[in-house]
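Q: My questions will all concern the structure given below.
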Amino acid sequence: MTDTPADSAGAPEALDAPDFDEMTRDIAEVPAVEVIVTVAVNLMSAAAVKLGLTEEGDAYKDLDEARKLVTALAGLLDASTTEISSFHAAPLRDGLKSLQLAFREASLVPDEPGQGPGEKYTGPVYG
């Protein structure tokens, strides 16, 4: 006989099941700026991987996916710049510009200035 509790169907209960009420309370306590910055950093990290900028290099390189991620990041920053302080926005904008330039360098046929990922939100990016 086991010590594992079972539900009515006889399957073991997940001992690490999330408590959604607790999770809701936790997210309610997080300031909007922190959520925006966290999402932006996640987009930046994913874009860097898709651009082949990690230790694994080209193993996960996918410029089509990178374009989508960089554009989403640019849109998020464009929409939220007035909502977050320049203390938070400035390094995110710098990171975005670095990703946009890395995209241009990684492309076999680089986009014209103003046509690259996210440049409809940021304007043309020059190196």
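Residue numbers start at 1 in each chain; chains themselves are named A, B, ... in the order of the structure tokens; ligands are numbered from 1 in the order shown.
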Taking 5 positions as the minimum chain separation for residues in the same chain, which residues sit within 10 Å of Ser45 in chain A when counting only C-alpha atoms? Answer as a ChimeraX atom specification.

A: /A:39-40,50-51,53-54,69,95,99

Q: Write out as a list in words which residues come within 9 Å of Val41 in chain A when counting only C-alpha atoms, dropping same-chain ones fewer than 4 positions away.

A: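 Result of the neighbour search: Ile36, Val37, Ser45, Ala46, Leu73 and Leu92 of chain A.
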
Q: Keeping only N, CA, C and O atoms, take the residues you just selected and write them out as a PDB file, in the first residue's frame.

A:
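The resulting file, again_11.pdb, is reproduced below:
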ATOM      1  N   ILE A  36       5.896  44.561 -17.451  1.00  0.00           N
ATOM      2  CA  ILE A  36       6.314  45.013 -18.789  1.00  0.00           C
ATOM      3  C   ILE A  36       7.795  44.733 -19.005  1.00  0.00           C
ATOM      4  O   ILE A  36       8.194  44.204 -20.057  1.00  0.00           O
ATOM      5  N   VAL A  37       8.629  45.074 -18.030  1.00  0.00           N
ATOM      6  CA  VAL A  37      10.071  44.857 -18.163  1.00  0.00           C
ATOM      7  C   VAL A  37      10.378  43.362 -18.272  1.00  0.00           C
ATOM      8  O   VAL A  37      11.212  42.952 -19.097  1.00  0.00           O
ATOM      9  N   SER A  45      15.589  38.004 -24.870  1.00  0.00           N
ATOM     10  CA  SER A  45      16.334  36.750 -24.731  1.00  0.00           C
ATOM     11  C   SER A  45      15.975  35.773 -25.839  1.00  0.00           C
ATOM     12  O   SER A  45      16.861  35.155 -26.444  1.00  0.00           O
ATOM     13  N   ALA A  46      14.693  35.640 -26.112  1.00  0.00           N
ATOM     14  CA  ALA A  46      14.250  34.726 -27.169  1.00  0.00           C
ATOM     15  C   ALA A  46      14.772  35.189 -28.521  1.00  0.00           C
ATOM     16  O   ALA A  46      15.220  34.374 -29.343  1.00  0.00           O
ATOM     17  N   LEU A  73       8.828  43.035 -29.565  1.00  0.00           N
ATOM     18  CA  LEU A  73       9.536  43.826 -28.568  1.00  0.00           C
ATOM     19  C   LEU A  73       9.430  45.317 -28.891  1.00  0.00           C
ATOM     20  O   LEU A  73       9.140  46.128 -28.001  1.00  0.00           O
ATOM     21  N   LEU A  92      16.235  49.066 -22.319  1.00  0.00           N
ATOM     22  CA  LEU A  92      15.449  48.192 -23.197  1.00  0.00           C
ATOM     23  C   LEU A  92      15.534  48.670 -24.637  1.00  0.00           C
ATOM     24  O   LEU A  92      15.658  47.859 -25.565  1.00  0.00           O
TER      25      LEU A  92
END

Q: Compile the contact shell of Gly118 in chain A as a ChimeraX atom specification: residues with an atom at most 8 Å away, counting only C-alpha atoms, same-chain residues fewer than 2 positions apart removed.

A: /A:67,70-75,100,116,120-122

Q: Could you give me, as a VMD selection string, each residue of chain A that DSSP assigns to helix (DSSP H, G or I) when run on this structure's backbone?

A: chain A and resid 20 to 28 32 to 50 57 to 60 63 to 80 86 to 106 119 to 122

Q: Which of these residues is nearest to Val109 in chain A, using only C-alpha atoms: A:Met23, A:Leu63, A:Ala17, A:Ala28?

A: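 With only C-alpha atoms as the atom set, the closest residue is A:Leu63.
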
Q: Mind pulling up the distance from CA of Lys68 in chain A to CA of Gly52 in chain A?

A: 14.8 Å

Q: Rounded to one decimal in Å, what is the spacing between CA of Glu22 in chain A and CA of His88 in chain A?

A: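 Taking CA of Glu22 in chain A as the start and CA of His88 in chain A as the end point, the length is 28.0 Å.
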
Q: Quick one: of A:Ala106, A:Ala66, A:Leu76, A:Val125, who's nearest to Val35 in chain A, counting only C-alpha atoms?

A: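 Looking only at the distances to Val35 in chain A, the closest residue turns out to be A:Leu76.
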
Q: Find, counting only C-alpha atoms, the residue in A:Val49, A:Asp78, A:Leu101, A:Leu108 that gets nearest to Pro124 in chain A.

A: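 Checking each of A:Val49, A:Asp78, A:Leu101, A:Leu108 against Pro124 in chain A, counting only C-alpha atoms, the winner is A:Leu101.
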